[in-house]
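S.K.: Sharing a structure below in structure tokens format, with a few things to ask.
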Amino acid sequence: MNVRRWLTVGAVALVAAGALNAMPATAGHVTDPADQSLRTLGMRHDLFIGTAVDMAALADPADPQYREKVAAEFSSVTAENVMKWESLEPTRGTYDWGPADELIAFAKQNRQRVRGHVLVWHNQLPGWLTAGVADGTISDTELRDILKNHITNVVRHFKGKIWQWDVVNEAVSDPWDNPPTLHYKGFWAQHLGEGYVADAFRWARAADPKALLFYNDYNIEAFGSGNPADDKTQFVYDMVKQLRDSGVPIDGVGSQGHLGTQYGNYDTFQVADALKRFGDLGLATAFTEVDVRSQLTEKVRAGDSNEINPRLQASAGNFSVLLQACLSSRHCLSFTVWGFTDKHSWVPTWFTDPPEGLATLYDENYQPKRAYNIVKADLVFAGAPYVLPRIPQRPRR
Ligand code: XIL
């Protein structure tokens with residue numbers, strides 16, 4: 001949508017809203033923005049609103065609301081697990097494309113874009129690969145060939161069907177790791193050295209020249225000290241700048257956005273500043289895995305509203321910070337949540353000590369929470385002059 005059309009639409013909406021206020025309450029034939037879906041409201045900004053999809057829940061006939069909501073509320077989908085290496089190639093040389101292809105078909109049927117997740121990550125690797133490396137039957141030289149083949153096969157299989165690929169995920173350590181000085185961490189860096197990052201982007205581009213290629217990580221929502229030794233955002237910034245400067249085909253940075261209400265977190269302007277700085281490098285940005293969890297204390301579990309309400313409120317507030325920052329940056333292309341209902345969220349199974357949950361937009365019965373309504377309100381009320389439509393990103397050659 002160009003700016004002029006967008007402004008016209010805005011003006012018409014204002015007039016319509018004025019008319020709506022003047023109408024008797026019974027006249028209800030003008031669609032109230034609160035009755036529109038997130039995906040429809042996102043399109044006012046050319047912003048894609050996405051969710052991670054749990055394929056078991058999507059296929060469960062006893063849980064029809066899951067499927068209905070994915071289709072109705074979201075314009076983009078990400079496979080929560082079925083495009084990870086252990087799912088795609090559980091046995092060496094034998095690919096199982098079934099569940100991932102089902103998601104692609106679902107997305108097509110519902111006119112949704114697909115974020116491909118994930119090509120290179122140190123988690124959820126197949127056993128044959130990690131065991132082979134551990135017992136020395138797979139050498140580091142062979143490992144590099146295996147990675148190249150994997151990226152090539154997977155990107156080729158989905159060629160033309162993926163909007164954004166998470167090419168490399170979570171390559172950088174955290175300040176609480178040992179050693180605490182930030183560094184390239186994990187399986188791939190240990191065996192191939194940091195050069196695997198640039199290689200991965202080149203191999204992905206060769207297999208699909210049109211998909212946007214992203215680096216994806218957590219705890220990069222805002223800059224900290226500015227010292228790459230302890231500021232992960234700065235480390236990632238320096239890394240992607242160097243990749244850009246040396247002609248590596250990277251198109252974007254994905255900020256996962258896994259937040260917790262017990263932490264300090266950020267305000268909108270800090271997050272907007274980070275997005276702007278990545279944007280100024282010529283990169284698109286996206287929030288790729290947003291959820292805002294809380295500790296489930298005994299009182300929370302007992303249903304004490306004095307304990308529950310501030311958590312729901314704080315969760316909503318953090319969703320809003322990330323979304324408003326994304327809206328403010330014309331290079332922020334999509335806002336994806338990592339599951340949309342507390343019924344199907346990785347948080348309670350992953351964060352158990354202490355137990356955490358309440359991290360998504362809908363409760364376990366598919367009732368919208370404050371977080372859902374704040375996201376919707378942001379999409380409704382954000383507009384010119386500060387919020388303008390997205391600028392599409394073109395894949396870098
Ligand atoms: C998580 C899934 O949600 C879980 O179902 C799975 O057991 C583990 O992985 N960062 C990522 C995602 O990039 O792939 C992770 O997804 C969550 C953290």
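Identifiers for the structure tokens are assigned positionally: chains receive A, B, ... in sequence, residues are indexed from 1 per chain, and ligands are indexed from 1 in the order shown.
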Please identify the residues whose atoms come within 9 Å of ligand 1, using only C-alpha atoms and all ligand atoms, and report them as number ranges by chain.
M.R.: A: 52, 54, 79-81, 84, 117-118, 121, 123-124, 166, 169-170, 216-218, 256, 258, 288-289, 338-339, 345-347, 349-350
S.K.: Output N, CA, C and O atoms of each residue in that selection to a file, as a compact mmCIF listing (two decimals), in the first residue's frame.
M.R.:
# COMPACT_ATOMS: atom_id res chain seq x y z
N ALA A 52 3.69 -19.17 15.61
CA ALA A 52 4.25 -20.51 15.49
C ALA A 52 3.09 -21.49 15.52
O ALA A 52 2.11 -21.28 16.22
N ASP A 54 1.84 -25.49 16.05
CA ASP A 54 2.07 -26.83 16.56
C ASP A 54 1.25 -27.77 15.66
O ASP A 54 0.01 -27.73 15.68
N ALA A 79 6.65 -22.91 11.43
CA ALA A 79 6.58 -24.25 12.02
C ALA A 79 7.28 -24.22 13.38
O ALA A 79 8.45 -23.87 13.46
N GLU A 80 6.54 -24.59 14.43
CA GLU A 80 7.17 -24.55 15.75
C GLU A 80 8.30 -25.58 15.83
O GLU A 80 9.33 -25.31 16.46
N ASN A 81 8.11 -26.72 15.21
CA ASN A 81 9.15 -27.77 15.27
C ASN A 81 9.42 -28.50 13.96
O ASN A 81 10.52 -29.00 13.77
N LYS A 84 12.61 -28.32 11.77
CA LYS A 84 13.93 -28.48 12.40
C LYS A 84 14.57 -29.77 11.90
O LYS A 84 13.89 -30.70 11.45
N HIS A 117 11.72 -21.99 9.61
CA HIS A 117 12.46 -22.05 10.87
C HIS A 117 12.85 -23.49 11.12
O HIS A 117 11.96 -24.29 11.32
N VAL A 118 14.05 -23.91 11.01
CA VAL A 118 15.28 -23.15 11.03
C VAL A 118 16.34 -23.98 10.30
O VAL A 118 16.28 -25.21 10.36
N TRP A 121 21.02 -24.59 13.61
CA TRP A 121 20.84 -24.35 15.05
C TRP A 121 21.53 -25.50 15.77
O TRP A 121 21.66 -26.59 15.22
N ASN A 123 20.37 -26.87 18.52
CA ASN A 123 19.38 -27.73 19.20
C ASN A 123 18.54 -28.50 18.20
O ASN A 123 18.42 -28.12 17.05
N GLN A 124 17.92 -29.56 18.69
CA GLN A 124 17.03 -30.40 17.90
C GLN A 124 17.69 -30.87 16.60
O GLN A 124 17.08 -30.89 15.52
N ASP A 166 14.85 -18.36 8.68
CA ASP A 166 15.83 -18.22 9.77
C ASP A 166 17.01 -19.11 9.38
O ASP A 166 16.96 -20.34 9.54
N ASN A 169 20.38 -19.59 13.73
CA ASN A 169 19.63 -19.29 14.95
C ASN A 169 20.55 -19.38 16.16
O ASN A 169 21.29 -20.36 16.31
N GLU A 170 20.54 -18.36 16.99
CA GLU A 170 21.19 -18.41 18.32
C GLU A 170 22.66 -18.79 18.27
O GLU A 170 23.10 -19.68 18.98
N ASN A 216 18.63 -14.99 13.42
CA ASN A 216 17.58 -14.95 14.44
C ASN A 216 18.18 -15.23 15.83
O ASN A 216 19.00 -16.14 15.97
N ASP A 217 17.79 -14.43 16.82
CA ASP A 217 18.34 -14.67 18.17
C ASP A 217 17.44 -14.04 19.24
O ASP A 217 16.55 -13.25 18.92
N TYR A 218 17.71 -14.43 20.50
CA TYR A 218 16.96 -13.85 21.63
C TYR A 218 17.84 -12.87 22.40
O TYR A 218 19.06 -12.83 22.22
N GLN A 256 13.81 -12.59 18.60
CA GLN A 256 12.80 -13.58 19.01
C GLN A 256 11.72 -12.95 19.88
O GLN A 256 10.54 -13.18 19.69
N HIS A 258 11.38 -13.37 23.37
CA HIS A 258 10.92 -14.16 24.53
C HIS A 258 11.19 -13.34 25.79
O HIS A 258 12.33 -13.26 26.24
N THR A 288 10.07 -12.49 15.89
CA THR A 288 9.87 -13.82 15.32
C THR A 288 9.28 -14.85 16.29
O THR A 288 8.76 -15.87 15.85
N GLU A 289 9.37 -14.61 17.61
CA GLU A 289 8.92 -15.64 18.56
C GLU A 289 8.38 -15.01 19.84
O GLU A 289 8.69 -15.45 20.95
N TRP A 338 5.03 -16.80 19.56
CA TRP A 338 5.47 -18.21 19.63
C TRP A 338 4.39 -19.02 20.31
O TRP A 338 4.47 -19.39 21.46
N GLY A 339 3.33 -19.29 19.53
CA GLY A 339 2.11 -19.86 20.08
C GLY A 339 1.20 -18.73 20.48
O GLY A 339 1.66 -17.66 20.89
N SER A 345 1.59 -23.85 24.47
CA SER A 345 2.73 -22.94 24.57
C SER A 345 3.91 -23.74 25.11
O SER A 345 3.75 -24.60 25.99
N TRP A 346 5.10 -23.46 24.57
CA TRP A 346 6.27 -24.21 25.02
C TRP A 346 6.68 -23.83 26.44
O TRP A 346 7.42 -24.53 27.10
N VAL A 347 6.17 -22.68 26.94
CA VAL A 347 6.67 -22.12 28.20
C VAL A 347 6.49 -23.08 29.40
O VAL A 347 7.47 -23.37 30.09
N THR A 349 6.25 -26.23 29.61
CA THR A 349 7.09 -27.44 29.56
C THR A 349 8.57 -27.11 29.63
O THR A 349 9.37 -27.92 30.07
N TRP A 350 8.93 -25.91 29.22
CA TRP A 350 10.35 -25.55 29.15
C TRP A 350 10.85 -24.89 30.42
O TRP A 350 11.95 -25.14 30.88
S.K.: Write out as JSON, numbers by chain the set of residues from segment 182-384 of chain A that DSSP, computed on the backbone, places in strand (DSSP E or B).
M.R.: {"A": [184, 212, 213, 214, 215, 216, 217, 252, 253, 254, 255, 258, 259, 260, 284, 285, 286, 287, 288, 289, 290, 291, 292, 293, 294, 295, 332, 333, 334, 335, 336, 337, 341, 352, 355, 356, 357, 362, 368]}
S.K.: May I have the residues from that selection written out with N, CA and C atoms, as a tab-separated table (two decimals), in the first residue's frame?
M.R.:
chain	number	residue	atom	x	y	z
A	184	TYR	N	30.99	-16.75	19.76
A	184	TYR	CA	30.20	-17.69	18.95
A	184	TYR	C	30.13	-18.99	19.73
A	212	LEU	N	13.87	-14.22	1.76
A	212	LEU	CA	14.64	-13.29	2.60
A	212	LEU	C	15.38	-14.11	3.66
A	213	LEU	N	16.65	-13.81	3.84
A	213	LEU	CA	17.49	-14.63	4.72
A	213	LEU	C	17.79	-13.88	6.02
A	214	PHE	N	17.41	-14.50	7.14
A	214	PHE	CA	17.49	-13.83	8.45
A	214	PHE	C	18.49	-14.51	9.39
A	215	TYR	N	19.15	-13.69	10.20
A	215	TYR	CA	19.80	-14.17	11.41
A	215	TYR	C	18.79	-13.98	12.55
A	216	ASN	N	18.63	-14.99	13.42
A	216	ASN	CA	17.58	-14.95	14.44
A	216	ASN	C	18.18	-15.23	15.83
A	217	ASP	N	17.79	-14.43	16.82
A	217	ASP	CA	18.34	-14.67	18.17
A	217	ASP	C	17.44	-14.04	19.24
A	252	GLY	N	18.04	-9.83	6.81
A	252	GLY	CA	17.30	-9.38	7.98
A	252	GLY	C	17.80	-9.95	9.29
A	253	VAL	N	17.35	-9.31	10.35
A	253	VAL	CA	17.62	-9.79	11.71
A	253	VAL	C	16.30	-10.05	12.39
A	254	GLY	N	16.14	-11.26	12.91
A	254	GLY	CA	14.94	-11.62	13.66
A	254	GLY	C	15.24	-11.53	15.14
A	255	SER	N	14.41	-10.78	15.83
A	255	SER	CA	14.52	-10.67	17.28
A	255	SER	C	13.43	-11.56	17.85
A	258	HIS	N	11.38	-13.37	23.37
A	258	HIS	CA	10.92	-14.16	24.53
A	258	HIS	C	11.19	-13.34	25.79
A	259	LEU	N	10.14	-12.75	26.35
A	259	LEU	CA	10.34	-11.91	27.53
A	259	LEU	C	9.64	-12.53	28.75
A	260	GLY	N	10.03	-12.04	29.94
A	260	GLY	CA	9.39	-12.50	31.18
A	260	GLY	C	9.04	-11.29	32.02
A	284	ALA	N	16.25	-5.77	6.92
A	284	ALA	CA	14.89	-5.83	7.46
A	284	ALA	C	14.99	-6.36	8.88
A	285	THR	N	13.92	-6.16	9.64
A	285	THR	CA	13.83	-6.76	10.97
A	285	THR	C	12.48	-7.45	11.10
A	286	ALA	N	12.36	-8.24	12.15
A	286	ALA	CA	11.08	-8.89	12.44
A	286	ALA	C	11.12	-9.35	13.89
A	287	PHE	N	9.97	-9.35	14.54
A	287	PHE	CA	9.86	-10.10	15.80
A	287	PHE	C	9.36	-11.48	15.43
A	288	THR	N	10.07	-12.49	15.89
A	288	THR	CA	9.87	-13.82	15.32
A	288	THR	C	9.28	-14.85	16.29
A	289	GLU	N	9.37	-14.61	17.61
A	289	GLU	CA	8.92	-15.64	18.56
A	289	GLU	C	8.38	-15.01	19.84
A	290	VAL	N	7.55	-14.00	19.71
A	290	VAL	CA	7.19	-13.23	20.90
A	290	VAL	C	6.30	-14.02	21.86
A	291	ASP	N	6.69	-14.05	23.10
A	291	ASP	CA	5.80	-14.44	24.20
A	291	ASP	C	6.34	-13.79	25.47
A	292	VAL	N	5.46	-13.54	26.42
A	292	VAL	CA	5.87	-12.85	27.65
A	292	VAL	C	5.34	-13.64	28.84
A	293	ARG	N	6.24	-14.43	29.41
A	293	ARG	CA	5.85	-15.38	30.44
A	293	ARG	C	5.92	-14.76	31.84
A	294	SER	N	5.29	-15.45	32.79
A	294	SER	CA	5.33	-15.04	34.19
A	294	SER	C	5.56	-16.25	35.08
A	295	GLN	N	6.08	-15.99	36.26
A	295	GLN	CA	6.22	-17.08	37.22
A	295	GLN	C	4.85	-17.46	37.77
A	332	CYS	N	10.49	-3.17	9.70
A	332	CYS	CA	10.08	-4.31	10.54
A	332	CYS	C	8.88	-4.99	9.85
A	333	LEU	N	9.11	-6.16	9.29
A	333	LEU	CA	8.17	-6.74	8.33
A	333	LEU	C	7.08	-7.60	8.96
A	334	SER	N	7.38	-8.20	10.10
A	334	SER	CA	6.38	-9.10	10.68
A	334	SER	C	6.54	-9.20	12.19
A	335	PHE	N	5.42	-9.54	12.81
A	335	PHE	CA	5.36	-9.67	14.27
A	335	PHE	C	4.74	-11.04	14.54
A	336	THR	N	5.59	-11.98	14.95
A	336	THR	CA	5.15	-13.36	15.12
A	336	THR	C	5.19	-13.76	16.59
A	337	VAL	N	4.11	-14.37	17.04
A	337	VAL	CA	4.07	-14.86	18.42
A	337	VAL	C	4.41	-16.36	18.44
A	341	THR	N	-2.00	-19.42	22.23
A	341	THR	CA	-2.86	-19.78	23.35
A	341	THR	C	-2.05	-20.49	24.44
A	352	THR	N	10.36	-24.77	34.06
A	352	THR	CA	9.65	-25.52	35.12
A	352	THR	C	10.19	-25.20	36.52
A	355	PRO	N	8.13	-22.78	38.03
A	355	PRO	CA	7.19	-22.92	36.93
A	355	PRO	C	6.76	-21.57	36.35
A	356	GLU	N	6.69	-21.53	35.03
A	356	GLU	CA	6.27	-20.29	34.36
A	356	GLU	C	5.18	-20.59	33.34
A	357	GLY	N	4.43	-19.55	32.99
A	357	GLY	CA	3.34	-19.72	32.02
A	357	GLY	C	2.68	-18.39	31.71
A	362	TYR	N	-3.98	-15.66	24.18
A	362	TYR	CA	-5.27	-16.23	24.60
A	362	TYR	C	-5.05	-17.18	25.77
A	368	PRO	N	-9.59	-14.34	24.64
A	368	PRO	CA	-8.53	-13.34	24.49
A	368	PRO	C	-8.17	-12.72	25.84
S.K.: Give me the segment 132-179 of chain A side of the contact with segment 233-241 of chain A, cut-off 12 Å, one line per residue showing its nearest atom pair and distance in Å at one decimal, counting only C-alpha atoms, sorted by chain and residue number, as CSV.
M.R.:
residue,atom,partner,partner_atom,distance
A:Val168,CA,A:Val240,CA,11.5
A:Asn169,CA,A:Val236,CA,11.5
A:Glu170,CA,A:Val236,CA,10.0
A:Ala171,CA,A:Val236,CA,9.1
A:Val172,CA,A:Val236,CA,7.6
A:Ser173,CA,A:Phe235,CA,9.7
A:Asp174,CA,A:Phe235,CA,10.4
A:Pro175,CA,A:Phe235,CA,11.4
S.K.: Write to file, as an mmCIF file, in the first residue's frame, the residues of the selection just made, with N, CA, C and O atoms.
M.R.:
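After the write, again_8.cif holds the following:
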data_model
loop_
_atom_site.group_PDB
_atom_site.id
_atom_site.type_symbol
_atom_site.label_atom_id
_atom_site.label_comp_id
_atom_site.auth_asym_id
_atom_site.auth_seq_id
_atom_site.Cartn_x
_atom_site.Cartn_y
_atom_site.Cartn_z
ATOM 1 N N VAL A 168 20.400 -18.849 10.331
ATOM 2 C CA VAL A 168 21.206 -19.212 11.503
ATOM 3 C C VAL A 168 20.474 -18.709 12.747
ATOM 4 O O VAL A 168 20.009 -17.573 12.789
ATOM 5 N N ASN A 169 20.378 -19.593 13.733
ATOM 6 C CA ASN A 169 19.626 -19.293 14.954
ATOM 7 C C ASN A 169 20.547 -19.385 16.165
ATOM 8 O O ASN A 169 21.292 -20.362 16.312
ATOM 9 N N GLU A 170 20.543 -18.355 16.995
ATOM 10 C CA GLU A 170 21.187 -18.408 18.317
ATOM 11 C C GLU A 170 22.657 -18.789 18.267
ATOM 12 O O GLU A 170 23.105 -19.679 18.979
ATOM 13 N N ALA A 171 23.427 -18.089 17.445
ATOM 14 C CA ALA A 171 24.855 -18.414 17.304
ATOM 15 C C ALA A 171 25.722 -17.780 18.394
ATOM 16 O O ALA A 171 26.900 -18.099 18.508
ATOM 17 N N VAL A 172 25.134 -16.881 19.172
ATOM 18 C CA VAL A 172 25.930 -16.061 20.095
ATOM 19 C C VAL A 172 25.627 -16.437 21.547
ATOM 20 O O VAL A 172 24.465 -16.696 21.898
ATOM 21 N N SER A 173 26.665 -16.442 22.379
ATOM 22 C CA SER A 173 26.511 -16.816 23.789
ATOM 23 C C SER A 173 25.805 -15.714 24.578
ATOM 24 O O SER A 173 25.513 -14.637 24.042
ATOM 25 N N ASP A 174 25.558 -16.005 25.855
ATOM 26 C CA ASP A 174 24.927 -15.039 26.754
ATOM 27 C C ASP A 174 25.910 -14.674 27.857
ATOM 28 O O ASP A 174 26.829 -15.442 28.156
ATOM 29 N N PRO A 175 25.669 -13.533 28.494
ATOM 30 C CA PRO A 175 26.596 -13.099 29.549
ATOM 31 C C PRO A 175 26.705 -14.092 30.712
ATOM 32 O O PRO A 175 27.683 -14.076 31.436
#
S.K.: For segment 139-147 of chain A, work out the shell of residues within 8 Å, counting only C-alpha atoms and skipping chain neighbours fewer than 6 positions away, then give it as a ChimeraX atom specification.
M.R.: /A:133,191-192
S.K.: Contacts of Arg92 of chain A at 12 Å or less, counting only C-alpha atoms, minus same-chain residues fewer than 4 places along, as a ChimeraX atom specification?
M.R.: /A:85-88,96,125-132,146,149-150
S.K.: Could you take the residues named above and write them with N, CA, C and O atoms, as a PDB file, in the first residue's frame?
M.R.:
ATOM      1  N   TRP A  85      15.886 -29.803  11.985  1.00  0.00           N
ATOM      2  CA  TRP A  85      16.640 -30.888  11.332  1.00  0.00           C
ATOM      3  C   TRP A  85      16.212 -32.265  11.842  1.00  0.00           C
ATOM      4  O   TRP A  85      16.031 -33.206  11.073  1.00  0.00           O
ATOM      5  N   GLU A  86      16.001 -32.413  13.159  1.00  0.00           N
ATOM      6  CA  GLU A  86      15.642 -33.741  13.696  1.00  0.00           C
ATOM      7  C   GLU A  86      14.300 -34.206  13.148  1.00  0.00           C
ATOM      8  O   GLU A  86      14.059 -35.411  13.051  1.00  0.00           O
ATOM      9  N   SER A  87      13.415 -33.261  12.789  1.00  0.00           N
ATOM     10  CA  SER A  87      12.113 -33.639  12.239  1.00  0.00           C
ATOM     11  C   SER A  87      12.219 -33.944  10.750  1.00  0.00           C
ATOM     12  O   SER A  87      11.586 -34.875  10.250  1.00  0.00           O
ATOM     13  N   LEU A  88      13.021 -33.162  10.035  1.00  0.00           N
ATOM     14  CA  LEU A  88      13.090 -33.332   8.575  1.00  0.00           C
ATOM     15  C   LEU A  88      13.933 -34.536   8.162  1.00  0.00           C
ATOM     16  O   LEU A  88      13.639 -35.174   7.152  1.00  0.00           O
ATOM     17  N   ASP A  96      11.685 -36.599   5.858  1.00  0.00           N
ATOM     18  CA  ASP A  96      10.243 -36.671   6.076  1.00  0.00           C
ATOM     19  C   ASP A  96       9.688 -35.255   5.926  1.00  0.00           C
ATOM     20  O   ASP A  96       9.722 -34.456   6.853  1.00  0.00           O
ATOM     21  N   LEU A 125      18.947 -31.255  16.773  1.00  0.00           N
ATOM     22  CA  LEU A 125      19.672 -31.913  15.672  1.00  0.00           C
ATOM     23  C   LEU A 125      19.375 -33.406  15.745  1.00  0.00           C
ATOM     24  O   LEU A 125      19.134 -33.945  16.825  1.00  0.00           O
ATOM     25  N   PRO A 126      19.429 -34.129  14.611  1.00  0.00           N
ATOM     26  CA  PRO A 126      19.160 -35.567  14.668  1.00  0.00           C
ATOM     27  C   PRO A 126      20.268 -36.306  15.429  1.00  0.00           C
ATOM     28  O   PRO A 126      21.432 -35.913  15.388  1.00  0.00           O
ATOM     29  N   GLY A 127      19.863 -37.383  16.097  1.00  0.00           N
ATOM     30  CA  GLY A 127      20.804 -38.186  16.874  1.00  0.00           C
ATOM     31  C   GLY A 127      21.955 -38.719  16.045  1.00  0.00           C
ATOM     32  O   GLY A 127      23.108 -38.751  16.505  1.00  0.00           O
ATOM     33  N   TRP A 128      21.665 -39.135  14.802  1.00  0.00           N
ATOM     34  CA  TRP A 128      22.738 -39.726  13.971  1.00  0.00           C
ATOM     35  C   TRP A 128      23.865 -38.721  13.750  1.00  0.00           C
ATOM     36  O   TRP A 128      25.035 -39.077  13.678  1.00  0.00           O
ATOM     37  N   LEU A 129      23.488 -37.421  13.698  1.00  0.00           N
ATOM     38  CA  LEU A 129      24.480 -36.381  13.430  1.00  0.00           C
ATOM     39  C   LEU A 129      25.334 -36.112  14.673  1.00  0.00           C
ATOM     40  O   LEU A 129      26.576 -36.148  14.614  1.00  0.00           O
ATOM     41  N   THR A 130      24.673 -35.859  15.792  1.00  0.00           N
ATOM     42  CA  THR A 130      25.432 -35.535  17.012  1.00  0.00           C
ATOM     43  C   THR A 130      26.232 -36.746  17.488  1.00  0.00           C
ATOM     44  O   THR A 130      27.376 -36.607  17.928  1.00  0.00           O
ATOM     45  N   ALA A 131      25.642 -37.955  17.364  1.00  0.00           N
ATOM     46  CA  ALA A 131      26.369 -39.154  17.800  1.00  0.00           C
ATOM     47  C   ALA A 131      27.578 -39.404  16.898  1.00  0.00           C
ATOM     48  O   ALA A 131      28.667 -39.736  17.373  1.00  0.00           O
ATOM     49  N   GLY A 132      27.381 -39.206  15.595  1.00  0.00           N
ATOM     50  CA  GLY A 132      28.476 -39.425  14.642  1.00  0.00           C
ATOM     51  C   GLY A 132      29.646 -38.485  14.884  1.00  0.00           C
ATOM     52  O   GLY A 132      30.815 -38.873  14.801  1.00  0.00           O
ATOM     53  N   ILE A 146      27.990 -31.996   5.152  1.00  0.00           N
ATOM     54  CA  ILE A 146      26.642 -32.400   5.581  1.00  0.00           C
ATOM     55  C   ILE A 146      25.757 -31.168   5.781  1.00  0.00           C
ATOM     56  O   ILE A 146      24.591 -31.145   5.376  1.00  0.00           O
ATOM     57  N   ASN A 149      24.821 -29.690   2.409  1.00  0.00           N
ATOM     58  CA  ASN A 149      23.781 -30.522   1.784  1.00  0.00           C
ATOM     59  C   ASN A 149      22.427 -30.293   2.410  1.00  0.00           C
ATOM     60  O   ASN A 149      21.413 -30.224   1.709  1.00  0.00           O
ATOM     61  N   HIS A 150      22.427 -30.209   3.732  1.00  0.00           N
ATOM     62  CA  HIS A 150      21.160 -30.030   4.444  1.00  0.00           C
ATOM     63  C   HIS A 150      20.499 -28.718   4.009  1.00  0.00           C
ATOM     64  O   HIS A 150      19.323 -28.694   3.634  1.00  0.00           O
TER      65      HIS A 150
END
S.K.: Please return, as a PyMOL selection string, all residues of segment 183-354 of chain A that DSSP assigns to helix (DSSP H, G or I) on the basis of the backbone.
M.R.: chain A and resi 186-192+196-207+232-245+268-280+298-301+305-328+347-350
S.K.: Considering only C-alpha atoms, return as an MDAnalysis selection string whatever protein or nucleic-acid residues lie within 12 Å of Phe201 of chain A, sequence-local ones (same chain, fewer than 5 positions apart) excluded.
M.R.: chainID A and resid 119:120 147:148 151:152 155 165:169 195:196 206:209 211:215 240 243:244 247:252 395:397
S.K.: Would you mind telling me which residue in A:Pro99, A:Lys210, A:Arg330, A:Tyr372 lies nearest to Asp280 of chain A when using only C-alpha atoms?
M.R.: A:Arg330
S.K.: List the neighbours of Lys299 of chain A out to 12 Å using only C-alpha atoms; skip same-chain residues closer than 6 positions along the sequence, and give me the result as a list in words.
M.R.: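 Close residues of Lys299 of chain A: Ser305, Asn306, Glu307, Ile308 and Asn309 of chain A.
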